[in-house]
Structure formats: structure tokens, C-alpha cells
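Enquirer: I have a structure I would like to understand better, so I am pasting it below and will then ask my questions one at a time.
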Amino acid sequence: MESNEILGKIRKETLVEFTDHIIPFWKSMIDRENGGFYGKMDYNLKLDKLSPKGCILHSRILWFFSKALITTKDQSLREYADHAYKFIRDKCIDREHSGIYWSINADGTIADSTKHTYNQAFTVYALSAYHDATGNMEALDLAWKIHDIIETKCRDETGYMEAFTRDFKPESNEKLSENGVMAEKTMNTLLHVFEAYTELYRITGDENLRKTLYAIIRQWKDKIWNPKLERQEVFFDRNFNSIIDLYSYGHDIETSWLMDRCLDILNDEELTREIHPITTRIAEKILQVAYRDSSLMNECDKGIVSTKRIWWVQAEGVVGFINAYEKTMDKKFLDAAASIWEYIKEFQIDRRSGSEWYNEIDENHKPIESELILGPWKCPYHNGRMCMEMQDRISR
């Protein structure tokens, strides 16, 4: 199949998945009684209406419906974006100590008052998108206020810290640590602060924010990117010394295109010439080491590869390889993106009525039944964004 045919097929099919499956599922999760959206659905499609509601989940839902409104121009989606915004504004923001909580009970009370930089960043990301979709100035003002919290309360002399108590005293980072380590700094948090600031800069053009993005890119190149191993490091001590041998395939392919997105927005030819070879190499390396059976494996921890296929990793693989194809016109990237999309259609999308995508697939391509269909981390952000990116990137 010719490249244009492949691209057209991906664009058409992801639009159908987006409008006929993903959007209707998340519309159906709206909680009209208590506000926001429901927080948990298990593999058996049992909806737990009393489960706590993650604030990251709600930021991602707000981002999703805001961007979907822009992409589809379907004004009926405004109701769902407004609903998510009001829940974040009225329930998730701490009026006493500022910042965003970790989670809220179904009745609107605080479930977990932890303040996490990662969570603050996603709220900036969502509020920026909501302002872009609706022109709501209150949302933009809130985005700047949370940006200021990140810059004044969530940093030390070496970079962005992780977890805090309700009144922003540092605490241990269980929420974004894993694989047997406790990280004081993470690639993941830096990446999503960067992502949020890119979006806020795109809609405001603020010069100080532009300078912050340059500083993050420099720190990423100097501290996160490992040129010897040609990968990102993941978990660090407070001085950005890596503390584990971990290769996160999904985060690397996601970073490759998020970094390029920011470079496009900054429009600095010299910086682009410096960073583009790295982001292209990231995609090449993921294609070499993580792409198996038309899909991306999860990660490699101390030399042991996790062969699970996770929903968000597959979605980011499609976007990352399409991005690499656009840069290089090397058809190997397009073919990889197309085959991952075929894998998603066959194995990752849950065709049961009332469901969305399976969370995780085992090495035999069977869904892992202990994983949630909807939860604090299982959201419309990655797969919804993949579908929207295909509409934006691929011409009709």
C-alpha cells in the first residue's frame, strides 16, 4: 500500500474510533448527581459510583473534551468540558493552601490531599486547552496561578520536586515511584510540566514561559537523556543522579514527539538542529528494541523486558512513529505506526458494549482481567489524543 493510502486509512479509522467509540464512552461516565465523572469501572464493566475521583483523571477528561471540541467542532461537547471544568474549579482546587488535590470522594469531600507536581502540571495543561476551546478567562487565570505554584512551591535548586503535603511540605513520592525505588525527581514529572508549559506558551506567547521551556529542554538533554544508552533515564535522586536501570519504552516514544511539538512552537532553528537528531534517534531506538509483534512492549527493568502491551504505550507509539515519519519520510516509521494501529484494533480496543479500551494485554494478546477499564490513570488522554493527532497531522 502506498504511503498516502496508509495515512488516509489511519486518519479515517481513528476518526471513527474517536467519534463513535471513545467520545460516547466518556460522555456516559458523567456524574450528574455529584459532579465530575465517575472514578472507577472494573474489567467486568461494573461501575463504582462511590469510588474516589482522581484529580489527574479529571484534568485529562477536561483536556480531552476541550480538544475534542476544537477538533470536531461538535458544540454538544461543550457541556462535558464545562462539567469537568466546574468540578476541578469547585472541588479539586484547595482554597486554603492552593494547588490541586490528588483525589476527591464521590460526595465531593477530600479523599487524598497530597499535592503532586505531576498533578499540578496536568491541571495547567487542561485549563489551557479549555481556555483555548472556550475563551474562558477564569480558566486561563487559574492556569497561571497553578503555574506560579509549581514555580514557587514545587522546585528546589536542581529542578522540579515531586510530592508534598497539603500545605506543600515535601513528602515521599510513592505515587510516582515504582520498580523498587523511591525517586526524589522523575523524568515523568519533568516531561509533563514541559508538556503543560508548551500548551500554555502556545496560547499566550509569554516570554518568561518561553525561557522556562528552554531551561527544561536544556535540563532534559543534560540530565534525562543518556547519550551512551540512547534512552531517557527515569528515576533520580534530588541531584538528578539516576537510581535504577530502567528503560521506559512508552515514555521515550511519547517524549520524542512532545519534544518536537515544543520545538515547532518555539520556532528556533538552532535549537531544533540540536535536538531533532536526539528525538529522531529515540524513535529509531524504540523501533529497534521495543517493537515486537506489531506492537510496543512496556519497559525493560534491569535487563528484564516486560512484554505486556499497555493501552497508552500503543497509542503513543502510533503518534511517535507518525511524527518520525513526517520528519524523515522513512517509511519504516509509517509501517510501524500502521501495524500498531492494526494491533490496537484487533487486541486493545474492547468491543464489548459499554466499554472502551483494555488497559493491559498479556504476551498472548489476551486482556489482563485484573486491570481497570476506567480508573485514576485509565483515561481518554492518550488514546483520544492519538485519534486527534491523526486528524491534525494527516491531510484529507
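A note on labels: chains of the C-alpha cells are A, B, ... as shown, every chain counts residues from 1, and ligands are counted from 1 in their shown order.
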Could you name the residues that touch His131 of chain A at 9 Å or less, counting only C-alpha atoms, but leaving out those on the same chain fewer than 6 positions away, as a VMD selection string?
Expert: chain A and resid 66 137 to 140 203
Enquirer: Need the shell around Leu62 of chain A: protein/DNA/RNA residues with any atom at most 9 Å away, counting only C-alpha atoms. Skip same-chain ones fewer than 4 positions apart. Format as a ChimeraX atom specification?
Expert: /A:57-58,66-67,80-85,88,123,126-127,129-130
Enquirer: How close does each residue of segment 138-217 of chain A get to segment 236-254 of chain A, giving the shortest atom pair and distance in Å to one decimal for every residue with an atom at most 7 Å away, counting only C-alpha atoms, sorted by chain and residue number, as a tab-separated table?
Expert:
residue	atom	partner	partner_atom	distance
A:Thr158	CA	A:Asn239	CA	6.2
A:Ala183	CA	A:Phe236	CA	5.5
A:Glu184	CA	A:Asp237	CA	5.0
A:Lys185	CA	A:Phe236	CA	5.1
A:Thr186	CA	A:Phe236	CA	5.9
Enquirer: Counting only C-alpha atoms, what is within 9 Å of Gly39 of chain A, bar same-chain residues fewer than 5 positions away, as an NGL selection string?
Expert: :A and (29 or 47-54 or 57-58 or 106 or 374-376)
Enquirer: Do a neighbour search on segment 189-200 of chain A at 10 Å with only C-alpha atoms, toss out local chain neighbours closer than 4 positions, and write the hits as a count of residues only.
Expert: 52
Enquirer: Could you jot down the atom CA of Gln232 of chain A to atom CA of Met187 of chain A separation for me, Å, one decimal place?
Expert: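 We find that atom CA of Gln232 of chain A and atom CA of Met187 of chain A lie 7.7 Å from each other.
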Enquirer: Nearest residue to Lys331 of chain A out of A:Val319, A:Ile349, A:Met182, A:Ile6, using only C-alpha atoms?
Expert: A:Ile6
Enquirer: Do a neighbour search on segment 294-296 of chain A at 12 Å with only C-alpha atoms, toss out local chain neighbours closer than 5 positions, and write the hits as a PyMOL selection string.
Expert: chain A and resi 248-253+283+285-289+305-318+320-321+333+335-348+360-363+365
Enquirer: Between atom CA of Gly135 of chain A and atom CA of Ser59 of chain A, what is the distance in Å, rounded to a tenth?
Expert: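 Interatomic distance here is 17.4 Å.
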Enquirer: What's the 7 Å shell around segment 391-394 of chain A, counting only C-alpha atoms, without same-chain residues fewer than 3 positions away, as JSON, numbers by chain?
Expert: {"A": [7, 11, 387, 388]}
Enquirer: Those same residues, written as a PDB file, in the first residue's frame with N, CA, C and O atoms?
Expert:
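The resulting file, out.pdb, is reproduced below:
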ATOM      1  N   LEU A   7      -1.784   6.456   5.212  1.00  0.00           N
ATOM      2  CA  LEU A   7      -2.130   7.608   6.038  1.00  0.00           C
ATOM      3  C   LEU A   7      -3.632   7.887   6.011  1.00  0.00           C
ATOM      4  O   LEU A   7      -4.247   8.145   7.052  1.00  0.00           O
ATOM      5  N   ARG A  11      -6.150   7.842   9.227  1.00  0.00           N
ATOM      6  CA  ARG A  11      -6.934   9.029   9.570  1.00  0.00           C
ATOM      7  C   ARG A  11      -8.416   8.705   9.647  1.00  0.00           C
ATOM      8  O   ARG A  11      -9.103   9.075  10.611  1.00  0.00           O
ATOM      9  N   CYS A 387      -6.010   9.789  18.383  1.00  0.00           N
ATOM     10  CA  CYS A 387      -7.007   9.979  17.324  1.00  0.00           C
ATOM     11  C   CYS A 387      -7.018  11.419  16.831  1.00  0.00           C
ATOM     12  O   CYS A 387      -7.101  11.659  15.611  1.00  0.00           O
ATOM     13  N   MET A 388      -6.925  12.373  17.753  1.00  0.00           N
ATOM     14  CA  MET A 388      -6.931  13.782  17.340  1.00  0.00           C
ATOM     15  C   MET A 388      -5.658  14.162  16.607  1.00  0.00           C
ATOM     16  O   MET A 388      -5.686  14.946  15.648  1.00  0.00           O
TER      17      MET A 388
END
Enquirer: Figure out the distance between atom CA of Ile368 of chain A and atom CA of Tyr43 of chain A, please, to one decimal in Å.
Expert: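 Interatomic distance here is 8.4 Å.
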Enquirer: Let's see if you can do this: from backbone DSSP, list all strand (DSSP E or B) residues in segment 155-373 of chain A, as a compact mmCIF listing (two decimals) with N, CA and C atoms, in the first residue's frame.
Expert:
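Saved to part.txt:
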# COMPACT_ATOMS: atom_id res chain seq x y z
N ARG A 155 9.68 23.47 43.36
CA ARG A 155 11.04 23.42 42.83
C ARG A 155 12.06 23.51 43.96
N ASP A 156 13.24 22.96 43.72
CA ASP A 156 14.40 23.28 44.54
C ASP A 156 15.49 23.76 43.60
N GLY A 159 15.74 21.44 40.36
CA GLY A 159 14.63 21.18 39.45
C GLY A 159 13.33 20.91 40.16
N TYR A 160 12.39 20.30 39.45
CA TYR A 160 11.05 20.07 39.98
C TYR A 160 11.04 18.87 40.92
N ALA A 163 6.33 15.08 45.42
CA ALA A 163 5.14 15.01 46.27
C ALA A 163 5.25 15.94 47.47
N PHE A 164 4.08 16.44 47.89
CA PHE A 164 4.01 17.38 49.01
C PHE A 164 2.76 17.10 49.84
N PRO A 170 7.51 18.94 51.61
CA PRO A 170 7.91 17.75 50.85
C PRO A 170 7.62 16.46 51.61
N LYS A 185 13.22 12.81 42.15
CA LYS A 185 12.93 13.51 40.89
C LYS A 185 12.60 12.43 39.86
N THR A 186 11.72 12.76 38.90
CA THR A 186 11.38 11.78 37.86
C THR A 186 11.35 12.42 36.48
N TRP A 225 18.34 12.68 29.25
CA TRP A 225 18.81 11.93 28.08
C TRP A 225 20.17 11.31 28.38
N ASN A 226 20.26 10.00 28.13
CA ASN A 226 21.51 9.28 28.31
C ASN A 226 22.09 8.99 26.92
N ARG A 231 18.74 6.55 25.51
CA ARG A 231 17.43 6.46 26.13
C ARG A 231 17.32 7.53 27.20
N GLN A 232 16.11 7.72 27.69
CA GLN A 232 15.92 8.57 28.86
C GLN A 232 16.13 7.75 30.13
N PHE A 235 14.16 7.46 36.96
CA PHE A 235 14.06 7.83 38.36
C PHE A 235 15.40 8.33 38.86
N PHE A 236 15.36 9.40 39.70
CA PHE A 236 16.58 10.09 40.10
C PHE A 236 16.55 10.43 41.58
N SER A 242 20.72 9.12 38.25
CA SER A 242 19.81 8.00 38.01
C SER A 242 19.99 6.94 39.09
N LEU A 246 16.41 1.40 34.17
CA LEU A 246 15.05 1.23 33.66
C LEU A 246 14.90 1.96 32.33
N TYR A 247 14.37 1.27 31.35
CA TYR A 247 14.14 1.82 30.02
C TYR A 247 12.63 1.79 29.80
N SER A 248 11.99 2.95 29.84
CA SER A 248 10.54 3.04 29.67
C SER A 248 10.22 3.33 28.21
N TYR A 291 9.68 -2.74 19.55
CA TYR A 291 8.63 -3.07 18.59
C TYR A 291 8.67 -4.56 18.27
N ARG A 292 7.67 -5.27 18.74
CA ARG A 292 7.58 -6.71 18.51
C ARG A 292 6.12 -7.08 18.24
N SER A 295 3.50 -4.30 17.77
CA SER A 295 3.11 -3.52 18.95
C SER A 295 4.35 -3.18 19.75
N LEU A 296 4.16 -2.33 20.77
CA LEU A 296 5.28 -1.94 21.62
C LEU A 296 5.18 -2.62 22.97
N GLU A 299 8.41 -2.04 28.99
CA GLU A 299 9.64 -1.46 29.53
C GLU A 299 10.67 -2.56 29.72
N CYS A 300 11.89 -2.13 30.05
CA CYS A 300 12.97 -3.06 30.38
C CYS A 300 13.57 -2.64 31.71
N ASP A 301 13.39 -3.46 32.74
CA ASP A 301 13.84 -3.16 34.10
C ASP A 301 15.03 -4.05 34.44
N ILE A 304 15.44 -7.00 32.17
CA ILE A 304 14.29 -7.89 32.02
C ILE A 304 13.15 -7.12 31.35
N VAL A 305 12.72 -7.60 30.20
CA VAL A 305 11.70 -6.91 29.40
C VAL A 305 10.31 -7.31 29.86
N SER A 306 9.48 -6.31 30.11
CA SER A 306 8.06 -6.54 30.37
C SER A 306 7.35 -6.59 29.02
N ARG A 309 1.44 -5.37 26.83
CA ARG A 309 1.09 -4.27 25.94
C ARG A 309 0.07 -3.40 26.66
N ILE A 310 0.44 -2.17 26.90
CA ILE A 310 -0.39 -1.26 27.68
C ILE A 310 -1.03 -0.24 26.74
N ILE A 349 -8.63 -2.49 21.63
CA ILE A 349 -9.98 -1.94 21.73
C ILE A 349 -10.93 -3.01 22.25
N TRP A 357 -11.22 0.83 25.89
CA TRP A 357 -10.04 0.03 25.53
C TRP A 357 -9.65 -0.81 26.74
N GLU A 360 -4.49 -3.41 29.79
CA GLU A 360 -3.25 -4.13 29.52
C GLU A 360 -3.55 -5.46 28.82
N ILE A 361 -2.63 -5.85 27.94
CA ILE A 361 -2.72 -7.10 27.19
C ILE A 361 -1.50 -7.93 27.55
N PRO A 367 -6.53 -9.82 27.19
CA PRO A 367 -6.65 -8.75 28.19
C PRO A 367 -6.40 -9.26 29.60
Enquirer: Using backbone DSSP assignments, extract all helix (DSSP H, G or I) residues from segment 124-274 of chain A; output them as an MDAnalysis selection string.
Expert: chainID A and resid 124:134 137:153 174:176 187:204 207:224 249:266 269:274
Enquirer: Between A:Leu229, A:Ile146, A:Met297, A:Ala290, single out the one closest to Arg89 of chain A, counting only C-alpha atoms.
Expert: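 Nearest candidate to Arg89 of chain A out of A:Leu229, A:Ile146, A:Met297, A:Ala290: A:Ile146.
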Enquirer: Using only C-alpha atoms for the distances, tell me which of A:Arg396, A:Lys145, A:Lys73, A:Lys169 is nearest to Ser98 of chain A.
Expert: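 Once distances to Ser98 of chain A are computed over only C-alpha atoms, the minimum belongs to A:Lys145.
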Enquirer: Point out the residue among A:Arg273, A:Gly180, A:Glu230, A:Gly99 with the least atom-to-atom distance to Asp148 of chain A, counting only C-alpha atoms.
Expert: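 When distances to Asp148 of chain A are compared using only C-alpha atoms, the smallest one comes from A:Gly99.
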